[in-house]
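Since the structure comes first, as structure tokens, the remarks are kept for the end.
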Amino acid sequence: MNCIGVIGYGHMGSMLVNGFLSSGVLGVDEVVVTSRSQESRDACAAAWPGIGIARANREIARRCRTVILAVRPQETTEVLREIVPGMDGDEHVVSLAAGVGLTELEGLFSGSVTRAIPTITSTIGQGTTLVCHGRQVGMHDALRVEGLFSSIGNVMLVEEDELPAATILSSCGPGLLAAVIEELAGATARASGLAPDRALCLATETAAATAAYLRETGETPGDLVGRVATGGGVTEAGVKGLRERLPQVFDETVAAMLVRYGAVGK
Ligand SMILES: NC(=O)c1ccc[n+]([C@@H]2O[C@H](COP(=O)([O-])OP(=O)(O)OC[C@H]3O[C@@H](n4cnc5c(N)ncnc54)[C@H](OP(=O)(O)O)[C@@H]3O)[C@@H](O)[C@H]2O)c1
């Protein structure tokens, strides 16, 4: 009964199960998983011999005190409605769904509810999971969930009104930065004789090294630009062009994402 249940073995559900089990924070006898398709349930059982597999969502509710909903936003309220009749009310529901608010979740389940927004980079134990606890969540449940997500990267506690902006940075951010890396490598390859795969390799390594440099030195991005972009040099020419155009591009990008965020799950 004290085990962790995961409903939905898709990208996020499988990443969490893999992360919690490979980090050793949980053992296979402490996790029960279910998913809509037999194929996903079989994949989980094959990946983690000995793990608990439930045939139905309601079985998770009966067997687990902490239930992670790793289904898509439009499926989250439907699944919660389905499992609530089998719950005592003292369980802790953790929803990963973007755009499904605590008020809506607490309206369906009167017990403890937390929203957690992981990121794809948690696959390699990096990046930040955003955690936002509802009013009913006690200290013990809060710490248990924060401890679980700490096993797959950093955890940042946020207020619910901070979630849209924080999600853009932590959870959508890897997609945004990957697109930037792709464009930088593509433009460099198009403008030169450098092979596209070699350009992409260099751009990816440079992005990783730049992030590591900023994190380790504590310098701001502006400090780093100042070090690299010497007067009249090549970097300065590039940075000047970006600084003229990027603020508008990113303002429009973030504004469009916030609009879309408000529509997710509706
Ligand atoms: N992807 C990201 O980077 C990311 C980041 C942060 C948060 N999130 C949130 O995480 C959640 C899951 O996203 P995802 O990318 O993992 O989606 P996904 O890959 O589509 O996985 C969703 C899983 O839910 C299962 N499912 C659907 N309906 C179900 C039901 N009625 N009962 C049981 N299982 C059901 C599906 O099962 P079958 O495959 O077995 O049919 C599928 O495997 C979403 O709410 C999303 O907003 C995602």
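Following the order of the structure tokens, first chain is A, next is B, and so on, with residues numbered from 1 inside each chain and ligands from 1 in the order they appear.
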task: Taking the chain letters and numbering used in this document, name the residues of range 104-156 of chain A that DSSP puts in strand (DSSP E), as an MDAnalysis selection string.
output: chainID A and resid 112:117 128:133 154:156
- request: Check the DSSP output for the backbone and give back, as an MDAnalysis selection string, the residues of range 19-264 of chain A in alpha helix (DSSP H).
  value: chainID A and resid 19:23 38:47 57:63 73:83 102:108 139:150 163:167 173:190 196:217 221:228 234:263
- prompt: Which residue, A:Phe250, A:Tyr213, A:Tyr261, A:Phe20, has the smallest gap to ligand 1 when you use only C-alpha atoms and all ligand atoms?
  reply: A:Tyr261
query: Within 7 Å of ligand 1, counting only C-alpha atoms and all ligand atoms: which residues, as a ChimeraX atom specification?
result: /A:7-13,34-41,57,70-73,75-76,79,96-98,117-120,171-172
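In terms of minimum interatomic distance to Asp161 in chain A, A:Leu102 ranks closest within A:Gly27, A:Leu102, A:Thr230, A:Met15, counting only C-alpha atoms.
If you count only C-alpha atoms and ignore residues fewer than 2 places along the chain from Thr204 in chain A, what sits within 9 Å of it is Ala178, Ile181, Glu182, Ala185, Ala199, Leu200, Cys201, Leu202, Thr206, Ala207, Ala208 and Ala209 of chain A.
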message: I'd like the neighbourhood of Glu160 in chain A as a PyMOL selection string, where a residue qualifies if any of its atoms comes within 10 Å (using only C-alpha atoms), though same-chain residues fewer than 3 positions away should be ignored.
response: chain A and resi 101-102+115+130-134+157+163-164+166
Go ahead and write the residues just picked, N, CA, C and O atoms, as a tab-separated table (two decimals), in the first residue's frame.
```
chain	number	residue	atom	x	y	z
A	101	GLY	N	-5.01	22.49	-13.68
A	101	GLY	CA	-4.67	23.19	-12.45
A	101	GLY	C	-5.04	22.42	-11.18
A	101	GLY	O	-5.83	21.48	-11.20
A	102	LEU	N	-4.46	22.87	-10.06
A	102	LEU	CA	-4.74	22.24	-8.77
A	102	LEU	C	-6.21	22.33	-8.42
A	102	LEU	O	-6.78	21.38	-7.89
A	115	ARG	N	1.32	18.96	-8.32
A	115	ARG	CA	1.67	18.97	-9.74
A	115	ARG	C	3.20	18.91	-9.85
A	115	ARG	O	3.91	19.63	-9.14
A	130	LEU	N	9.83	20.74	-11.80
A	130	LEU	CA	9.10	21.77	-11.05
A	130	LEU	C	8.06	21.06	-10.20
A	130	LEU	O	7.36	20.17	-10.69
A	131	VAL	N	7.96	21.44	-8.94
A	131	VAL	CA	7.00	20.80	-8.04
A	131	VAL	C	6.14	21.88	-7.38
A	131	VAL	O	6.65	22.86	-6.85
A	132	CYS	N	4.82	21.66	-7.46
A	132	CYS	CA	3.88	22.61	-6.90
A	132	CYS	C	2.85	21.82	-6.08
A	132	CYS	O	2.05	21.08	-6.64
A	133	HIS	N	2.93	21.95	-4.75
A	133	HIS	CA	2.05	21.18	-3.88
A	133	HIS	C	0.72	21.90	-3.66
A	133	HIS	O	0.69	23.13	-3.51
A	134	GLY	N	-0.34	21.11	-3.60
A	134	GLY	CA	-1.64	21.68	-3.26
A	134	GLY	C	-1.73	21.92	-1.76
A	134	GLY	O	-0.84	21.52	-0.99
A	157	LEU	N	10.75	24.07	-6.11
A	157	LEU	CA	9.38	24.28	-5.65
A	157	LEU	C	8.88	25.60	-6.23
A	157	LEU	O	9.59	26.62	-6.17
A	163	LEU	N	4.15	28.47	-12.71
A	163	LEU	CA	4.36	27.26	-13.51
A	163	LEU	C	4.46	27.48	-15.02
A	163	LEU	O	5.34	26.90	-15.67
A	164	PRO	N	3.57	28.31	-15.62
A	164	PRO	CA	3.68	28.45	-17.08
A	164	PRO	C	5.07	28.93	-17.53
A	164	PRO	O	5.69	28.32	-18.41
A	166	ALA	N	7.90	28.94	-15.76
A	166	ALA	CA	8.95	28.00	-15.36
A	166	ALA	C	8.95	26.77	-16.27
A	166	ALA	O	10.00	26.22	-16.59
```
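Our summary of the geometry notes that CA of Thr66 in chain A is positioned 18.5 Å from CA of Val100 in chain A.
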Excluding same-chain residues fewer than 6 positions from Cys44 in chain A, what lies within 9 Å of it counting only C-alpha atoms, as an mmCIF file with C-alpha atoms, in the first residue's frame?
```cif
data_model
loop_
_atom_site.group_PDB
_atom_site.id
_atom_site.type_symbol
_atom_site.label_atom_id
_atom_site.label_comp_id
_atom_site.auth_asym_id
_atom_site.auth_seq_id
_atom_site.Cartn_x
_atom_site.Cartn_y
_atom_site.Cartn_z
ATOM 1 C CA TYR A 9 3.897 4.217 -19.447
ATOM 2 C CA SER A 14 8.767 5.189 -18.558
ATOM 3 C CA VAL A 17 10.160 4.432 -13.699
ATOM 4 C CA VAL A 33 2.699 0.514 -13.201
ATOM 5 C CA THR A 34 -0.215 0.424 -15.557
ATOM 6 C CA ILE A 51 7.934 -4.785 -11.030
ATOM 7 C CA ILE A 53 1.992 -4.401 -13.209
#
```
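The shell of residues at most 10 Å from Asp141 in chain A, with only C-alpha atoms counted and near chain neighbours (fewer than 6 positions) removed, consists of Arg65, Thr66, Glu91, His92, Val93, Ser112, Val113, Thr114, His133 and Gly147 of chain A.
Separating CA of Leu21 in chain A from CA of Ala56 in chain A is a distance of 21.9 Å.
Each of A:Leu258, A:Ile83, A:Phe149, A:Gly175 was compared to Glu162 in chain A using only C-alpha atoms, and A:Leu258 turns out to be the nearest.
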Distance criterion (only C-alpha atoms): nearest to Ala116 in chain A out of A:Asp90, A:Glu159, A:Glu78, A:Glu104: A:Glu159
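Using only C-alpha atoms, the smallest distance between any of A:Val234, A:Val228, A:Ala203, A:Leu80 and Val180 in chain A comes from A:Ala203.
In this model, the gap between CA of Val158 in chain A and CA of Ala142 in chain A comes to 12.8 Å.
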